[in-house]
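Data from start.pdb: PDB, C-alpha atoms, pLDDT in the B column
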ATOM      1  CA  MET A1149     142.495 157.711  -6.713  1.00 74.00           C
ATOM      2  CA  GLN A1150     140.834 154.423  -5.763  1.00 75.00           C
ATOM      3  CA  VAL A1151     143.988 153.221  -4.004  1.00 76.00           C
ATOM      4  CA  LEU A1152     144.035 156.426  -1.929  1.00 73.00           C
ATOM      5  CA  ASN A1153     140.303 156.106  -1.206  1.00 72.00           C
ATOM      6  CA  ILE A1154     140.814 152.553   0.029  1.00 75.00           C
ATOM      7  CA  GLY A1155     143.805 153.692   2.081  1.00 70.00           C
ATOM      8  CA  THR A1156     141.657 156.297   3.794  1.00 72.00           C
ATOM      9  CA  THR A1157     139.270 153.666   5.111  1.00 76.00           C
ATOM     10  CA  ILE A1158     142.069 152.394   7.355  1.00 78.00           C
ATOM     11  CA  PRO A1159     141.820 154.205  10.709  1.00 81.00           C
ATOM     12  CA  THR A1160     144.726 156.490  11.623  1.00 80.00           C
ATOM     13  CA  LEU A1161     145.450 154.434  14.723  1.00 81.00           C
ATOM     14  CA  ALA A1162     145.840 151.321  12.561  1.00 85.00           C
ATOM     15  CA  VAL A1163     148.174 153.208  10.213  1.00 84.00           C
ATOM     16  CA  LEU A1164     150.210 154.252  13.252  1.00 84.00           C
ATOM     17  CA  ALA A1165     150.360 150.646  14.441  1.00 85.00           C
ATOM     18  CA  LEU A1166     151.405 149.398  11.001  1.00 86.00           C
ATOM     19  CA  SER A1167     154.072 152.077  10.638  1.00 88.00           C
ATOM     20  CA  MET A1168     155.315 151.298  14.142  1.00 87.00           C
ATOM     21  CA  SER A1169     155.725 147.637  13.228  1.00 87.00           C
ATOM     22  CA  LEU A1170     157.769 148.614  10.159  1.00 89.00           C
ATOM     23  CA  LEU A1171     159.702 151.640  11.450  1.00 90.00           C
ATOM     24  CA  GLY A1172     159.894 151.101  15.204  1.00 88.00           C
ATOM     25  CA  ILE A1173     158.638 153.552  17.802  1.00 88.00           C
ATOM     26  CA  GLY A1174     159.081 157.304  18.030  1.00 86.00           C
ATOM     27  CA  THR A1175     158.638 160.200  15.661  1.00 88.00           C
ATOM     28  CA  THR A1176     159.612 158.474  12.405  1.00 90.00           C
ATOM     29  CA  PRO A1177     156.575 156.159  12.224  1.00 89.00           C
ATOM     30  CA  ALA A1178     154.347 158.995  13.427  1.00 89.00           C
ATOM     31  CA  LEU A1179     155.553 161.289  10.645  1.00 90.00           C
ATOM     32  CA  PHE A1180     155.107 158.509   8.101  1.00 89.00           C
ATOM     33  CA  ALA A1181     151.540 157.812   9.272  1.00 87.00           C
ATOM     34  CA  LEU A1182     150.643 161.504   9.193  1.00 87.00           C
ATOM     35  CA  PHE A1183     152.132 161.803   5.695  1.00 89.00           C
ATOM     36  CA  VAL A1184     149.946 158.907   4.545  1.00 86.00           C
ATOM     37  CA  ALA A1185     146.905 160.578   6.117  1.00 83.00           C
ATOM     38  CA  THR A1186     147.544 163.789   4.148  1.00 87.00           C
ATOM     39  CA  LEU A1187     147.828 162.138   0.759  1.00 86.00           C
ATOM     40  CA  LEU A1188     144.123 161.734   0.003  1.00 86.00           C
ATOM     41  CA  PRO A1189     142.802 165.265   0.704  1.00 89.00           C
ATOM     42  CA  ILE A1190     145.630 166.918  -1.203  1.00 92.00           C
ATOM     43  CA  THR A1191     145.553 164.484  -4.121  1.00 92.00           C
ATOM     44  CA  ARG A1192     141.757 164.497  -4.361  1.00 91.00           C
ATOM     45  CA  ASN A1193     141.568 168.278  -4.382  1.00 93.00           C
ATOM     46  CA  THR A1194     144.427 168.591  -6.868  1.00 94.00           C
ATOM     47  CA  TYR A1195     142.672 166.154  -9.195  1.00 93.00           C
ATOM     48  CA  ALA A1196     139.328 167.930  -8.787  1.00 93.00           C
ATOM     49  CA  GLY A1197     140.933 171.327  -9.359  1.00 93.00           C
ATOM     50  CA  LEU A1198     142.688 170.206 -12.523  1.00 94.00           C
ATOM     51  CA  LYS A1199     139.522 168.515 -13.818  1.00 94.00           C
ATOM     52  CA  GLY A1200     137.573 171.704 -13.139  1.00 92.00           C
ATOM     53  CA  ILE A1201     139.530 173.720 -15.695  1.00 92.00           C
ATOM     54  CA  SER A1202     137.334 174.615 -18.639  1.00 92.00           C
ATOM     55  CA  PRO A1203     137.999 172.482 -21.743  1.00 93.00           C
ATOM     56  CA  ALA A1204     137.468 175.594 -23.863  1.00 94.00           C
ATOM     57  CA  LEU A1205     140.259 177.333 -21.957  1.00 92.00           C
ATOM     58  CA  MET A1206     142.567 174.385 -22.525  1.00 93.00           C
ATOM     59  CA  GLU A1207     141.670 174.315 -26.224  1.00 94.00           C
ATOM     60  CA  ALA A1208     142.365 178.038 -26.504  1.00 94.00           C
ATOM     61  CA  ALA A1209     145.750 177.556 -24.842  1.00 93.00           C
ATOM     62  CA  ALA A1210     146.568 174.740 -27.270  1.00 93.00           C
ATOM     63  CA  GLY A1211     145.419 176.966 -30.128  1.00 94.00           C
ATOM     64  CA  LEU A1212     147.872 179.625 -28.978  1.00 93.00           C
ATOM     65  CA  GLY A1213     150.636 177.050 -29.376  1.00 94.00           C
ATOM     66  CA  MET A1214     151.290 176.302 -25.701  1.00 94.00           C
ATOM     67  CA  SER A1215     153.012 173.006 -24.992  1.00 94.00           C
ATOM     68  CA  PRO A1216     151.414 170.624 -22.470  1.00 93.00           C
ATOM     69  CA  THR A1217     153.947 171.757 -19.848  1.00 95.00           C
ATOM     70  CA  GLN A1218     153.128 175.419 -20.484  1.00 94.00           C
ATOM     71  CA  ARG A1219     149.412 174.687 -20.219  1.00 95.00           C
ATOM     72  CA  LEU A1220     149.978 172.893 -16.914  1.00 94.00           C
ATOM     73  CA  LEU A1221     152.132 175.652 -15.415  1.00 93.00           C
ATOM     74  CA  ARG A1222     150.325 178.705 -16.821  1.00 92.00           C
ATOM     75  CA  ILE A1223     146.693 177.601 -17.051  1.00 92.00           C
ATOM     76  CA  GLU A1224     145.871 174.458 -15.095  1.00 93.00           C
ATOM     77  CA  LEU A1225     147.858 174.905 -11.857  1.00 93.00           C
ATOM     78  CA  PRO A1226     146.965 178.587 -11.341  1.00 91.00           C
ATOM     79  CA  GLY A1227     143.320 177.751 -12.088  1.00 91.00           C
ATOM     80  CA  ALA A1228     143.307 174.838  -9.658  1.00 92.00           C
ATOM     81  CA  MET A1229     145.345 176.584  -6.954  1.00 92.00           C
ATOM     82  CA  TYR A1230     142.334 177.566  -4.814  1.00 91.00           C
ATOM     83  CA  VAL A1231     141.039 173.986  -4.704  1.00 93.00           C
ATOM     84  CA  ILE A1232     144.554 172.633  -4.051  1.00 94.00           C
ATOM     85  CA  PHE A1233     144.918 175.001  -1.093  1.00 93.00           C
ATOM     86  CA  ALA A1234     141.572 173.755   0.242  1.00 93.00           C
ATOM     87  CA  GLY A1235     143.001 170.225   0.216  1.00 94.00           C
ATOM     88  CA  ILE A1236     146.148 171.391   1.987  1.00 95.00           C
ATOM     89  CA  ARG A1237     144.041 173.166   4.617  1.00 94.00           C
ATOM     90  CA  THR A1238     141.977 170.048   5.186  1.00 92.00           C
ATOM     91  CA  ALA A1239     145.030 167.778   5.374  1.00 93.00           C
ATOM     92  CA  LEU A1240     146.946 169.978   7.813  1.00 94.00           C
ATOM     93  CA  THR A1241     143.944 170.530  10.058  1.00 92.00           C
ATOM     94  CA  ILE A1242     143.313 166.778  10.189  1.00 89.00           C
ATOM     95  CA  ASN A1243     146.993 166.214  10.970  1.00 91.00           C
ATOM     96  CA  VAL A1244     147.005 168.638  13.883  1.00 92.00           C
ATOM     97  CA  GLY A1245     144.019 166.825  15.347  1.00 88.00           C
ATOM     98  CA  THR A1246     145.396 163.333  14.831  1.00 87.00           C
ATOM     99  CA  VAL A1247     149.003 164.024  15.801  1.00 89.00           C
ATOM    100  CA  THR A1248     147.922 163.590  19.412  1.00 90.00           C
ATOM    101  CA  LEU A1249     147.605 159.859  18.667  1.00 87.00           C
ATOM    102  CA  ALA A1250     151.362 159.788  18.078  1.00 87.00           C
ATOM    103  CA  PHE A1251     151.765 159.678  21.850  1.00 88.00           C
ATOM    104  CA  LEU A1252     150.584 156.072  21.690  1.00 85.00           C
ATOM    105  CA  ILE A1253     153.746 155.084  19.785  1.00 85.00           C
ATOM    106  CA  ALA A1254     156.111 157.093  21.998  1.00 83.00           C
ATOM    107  CA  ALA A1255     156.315 160.168  19.783  1.00 83.00           C
ATOM    108  CA  GLY A1256     155.304 162.547  22.595  1.00 82.00           C
ATOM    109  CA  GLY A1257     153.284 165.716  22.145  1.00 87.00           C
ATOM    110  CA  LEU A1258     150.050 167.033  23.582  1.00 90.00           C
ATOM    111  CA  GLY A1259     148.546 163.562  23.309  1.00 90.00           C
ATOM    112  CA  GLU A1260     150.441 162.708  26.478  1.00 92.00           C
ATOM    113  CA  LEU A1261     148.336 165.189  28.454  1.00 93.00           C
ATOM    114  CA  ILE A1262     145.112 164.088  26.786  1.00 93.00           C
ATOM    115  CA  PHE A1263     145.572 160.342  27.243  1.00 92.00           C
ATOM    116  CA  THR A1264     147.014 160.639  30.743  1.00 93.00           C
ATOM    117  CA  GLY A1265     144.103 162.880  31.718  1.00 95.00           C
ATOM    118  CA  ILE A1266     141.672 160.312  30.367  1.00 93.00           C
ATOM    119  CA  ALA A1267     143.429 157.419  32.104  1.00 93.00           C
ATOM    120  CA  LEU A1268     143.576 159.211  35.461  1.00 94.00           C
ATOM    121  CA  TYR A1269     140.136 160.771  35.018  1.00 94.00           C
ATOM    122  CA  LYS A1270     141.548 164.272  35.354  1.00 95.00           C
ATOM    123  CA  PRO A1271     139.542 166.520  33.036  1.00 94.00           C
ATOM    124  CA  VAL A1272     141.819 169.507  33.671  1.00 96.00           C
ATOM    125  CA  MET A1273     144.851 167.551  32.461  1.00 95.00           C
ATOM    126  CA  MET A1274     142.922 166.307  29.438  1.00 95.00           C
ATOM    127  CA  LEU A1275     141.784 169.815  28.570  1.00 95.00           C
ATOM    128  CA  ALA A1276     145.360 171.083  28.996  1.00 95.00           C
ATOM    129  CA  GLY A1277     146.200 169.005  25.933  1.00 94.00           C
ATOM    130  CA  ALA A1278     142.902 169.238  24.030  1.00 95.00           C
ATOM    131  CA  ILE A1279     142.460 173.018  24.110  1.00 96.00           C
ATOM    132  CA  PRO A1280     145.942 173.863  22.739  1.00 96.00           C
ATOM    133  CA  THR A1281     145.455 171.185  20.073  1.00 95.00           C
ATOM    134  CA  ALA A1282     142.150 172.738  18.992  1.00 95.00           C
ATOM    135  CA  ILE A1283     143.636 176.245  19.006  1.00 96.00           C
ATOM    136  CA  LEU A1284     146.615 175.039  16.986  1.00 95.00           C
ATOM    137  CA  ALA A1285     144.295 173.429  14.415  1.00 94.00           C
ATOM    138  CA  ILE A1286     142.348 176.677  14.067  1.00 95.00           C
ATOM    139  CA  LEU A1287     145.552 178.711  13.731  1.00 96.00           C
ATOM    140  CA  VAL A1288     146.992 176.366  11.093  1.00 95.00           C
ATOM    141  CA  ASP A1289     143.730 176.550   9.134  1.00 95.00           C
ATOM    142  CA  ALA A1290     143.714 180.351   9.349  1.00 95.00           C
ATOM    143  CA  LEU A1291     147.366 180.593   8.311  1.00 96.00           C
ATOM    144  CA  ILE A1292     146.820 178.434   5.233  1.00 95.00           C
ATOM    145  CA  ALA A1293     143.685 180.449   4.383  1.00 93.00           C
ATOM    146  CA  ILE A1294     145.728 183.660   4.522  1.00 94.00           C
ATOM    147  CA  MET A1295     148.428 182.088   2.367  1.00 93.00           C
ATOM    148  CA  ALA A1296     145.792 180.984  -0.153  1.00 91.00           C
ATOM    149  CA  PHE A1297     144.285 184.472  -0.192  1.00 91.00           C
ATOM    150  CA  TRP A1298     147.598 186.012  -1.230  1.00 91.00           C
ATOM    151  CA  MET A1299     149.028 183.214  -3.389  1.00 89.00           C
ATOM    152  CA  VAL A1300     146.010 182.230  -5.480  1.00 86.00           C
ATOM    153  CA  PRO A1301     145.634 184.427  -8.591  1.00 83.00           C
ATOM    154  CA  ARG A1302     142.947 187.095  -8.328  1.00 80.00           C
ATOM    155  CA  GLY A1303     140.860 185.726 -11.214  1.00 78.00           C
ATOM    156  CA  VAL A1304     140.311 182.302  -9.634  1.00 77.00           C
ATOM    157  CA  ASN A1305     140.200 183.321  -5.961  1.00 73.00           C
ATOM    158  CA  PRO A1306     136.559 183.816  -4.900  1.00 76.00           C
ATOM    159  CA  ALA A1307     137.673 185.840  -1.868  1.00 75.00           C
ATOM    160  CA  ARG A1308     139.452 188.461  -4.011  1.00 70.00           C
ATOM    161  CA  ARG A1309     136.966 188.990  -6.853  1.00 65.00           C
TER     162      ARG A1309
END
With the file now loaded, output its structure as structure tokens.
Amino acid sequence: MQVLNIGTTIPTLAVLALSMSLLGIGTTPALFALFVATLLPITRNTYAGLKGISPALMEAAAGLGMSPTQRLLRIELPGAMYVIFAGIRTALTINVGTVTLAFLIAAGGLGELIFTGIALYKPVMMLAGAIPTAILAILVDALIAIMAFWMVPRGVNPARR
């Protein structure tokens, strides 16, 4: 976890620049940088969700004769699913917002409108890229929230109790 925490202190633009120096320009380094940016929220929430499982519940599962793999698949992961989905929501929403930076390494996208609008001081052009990006982030967040509502077991989903 500490390695991921340290990795998060590196700005996304620096990660893009580093990945560009290793992988060239275009979509490949952009995808790599965005993948690196998603690691911490998902990993942190998965760890927190698994740590949040009651020790008494785990002891009861062991008492029933469940193997460690059965406990993971039948107790821990379903119990942590809501928190894991929160990490996925956070990671994907951050990615939608930061993917506009990929324009700077020739990966295209709505960042082209935003940065060109800034450079030419054309607010309409900038907003033509910023507004769809914001709407897309909201839609991705809502879609993952709906998926979490239906996929997380009823007993651990606060929205379905």
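Candidate residues A:Met1149, A:Ala1234, A:Val1163, A:Met1299 were compared for distance to Asn1193 in chain A, and the nearest is A:Ala1234, using only C-alpha atoms.
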What's the separation between CA of Ala1210 in chain A and CA of Pro1226 in chain A, in Å to one decimal place?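 Interatomic distance, CA of Ala1210 in chain A to CA of Pro1226 in chain A: 16.4 Å.
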Residues within 12 Å of (147.7, 162.2, 7.0), file coords, all atoms listed in the file, listed as a PyMOL selection string: chain A and resi 1152+1155-1156+1158-1161+1163-1164+1177-1191+1235-1247+1249-1250
Between CA of Val1231 in chain A and CA of Ala1278 in chain A, distance in Å (one decimal):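 According to the coordinates, CA of Val1231 in chain A and CA of Ala1278 in chain A are separated by 29.2 Å.
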Can you find the residues with an atom no farther than 12 Å from (140.7, 169.2, -13.4), counting all atoms listed in the file, and report them as a compact mmCIF listing (two decimals) with C-alpha atoms, in the coordinates of the input?
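Final file, out21.txt:
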# COMPACT_ATOMS: atom_id res chain seq x y z
CA THR A 1191 145.55 164.48 -4.12
CA ARG A 1192 141.76 164.50 -4.36
CA ASN A 1193 141.57 168.28 -4.38
CA THR A 1194 144.43 168.59 -6.87
CA TYR A 1195 142.67 166.15 -9.20
CA ALA A 1196 139.33 167.93 -8.79
CA GLY A 1197 140.93 171.33 -9.36
CA LEU A 1198 142.69 170.21 -12.52
CA LYS A 1199 139.52 168.52 -13.82
CA GLY A 1200 137.57 171.70 -13.14
CA ILE A 1201 139.53 173.72 -15.70
CA SER A 1202 137.33 174.62 -18.64
CA PRO A 1203 138.00 172.48 -21.74
CA LEU A 1205 140.26 177.33 -21.96
CA MET A 1206 142.57 174.38 -22.52
CA LEU A 1220 149.98 172.89 -16.91
CA ILE A 1223 146.69 177.60 -17.05
CA GLU A 1224 145.87 174.46 -15.10
CA LEU A 1225 147.86 174.90 -11.86
CA PRO A 1226 146.96 178.59 -11.34
CA GLY A 1227 143.32 177.75 -12.09
CA ALA A 1228 143.31 174.84 -9.66
CA MET A 1229 145.34 176.58 -6.95
CA VAL A 1231 141.04 173.99 -4.70
CA ILE A 1232 144.55 172.63 -4.05
Can you measure CA of Ala1162 in chain A to CA of Gly1256 in chain A for me? One decimal in Å is fine.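 A separation of 17.8 Å between them.
For the residues A:Ile1266, A:Ala1293, A:Leu1284, A:Leu1252, ranking by smallest atom-to-atom distance to Gly1174 in chain A using all atoms listed in the file places A:Leu1252 first.
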Quick one: residues within 12 Å of Pro1306 in chain A, only C-alpha atoms, excluding same-chain residues fewer than 4 positions away - as a list in words?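 The residues that qualify are Gly1227, Met1229, Tyr1230, Val1231, Ala1296, Phe1297, Trp1298, Val1300, Pro1301 and Arg1302 of chain A.
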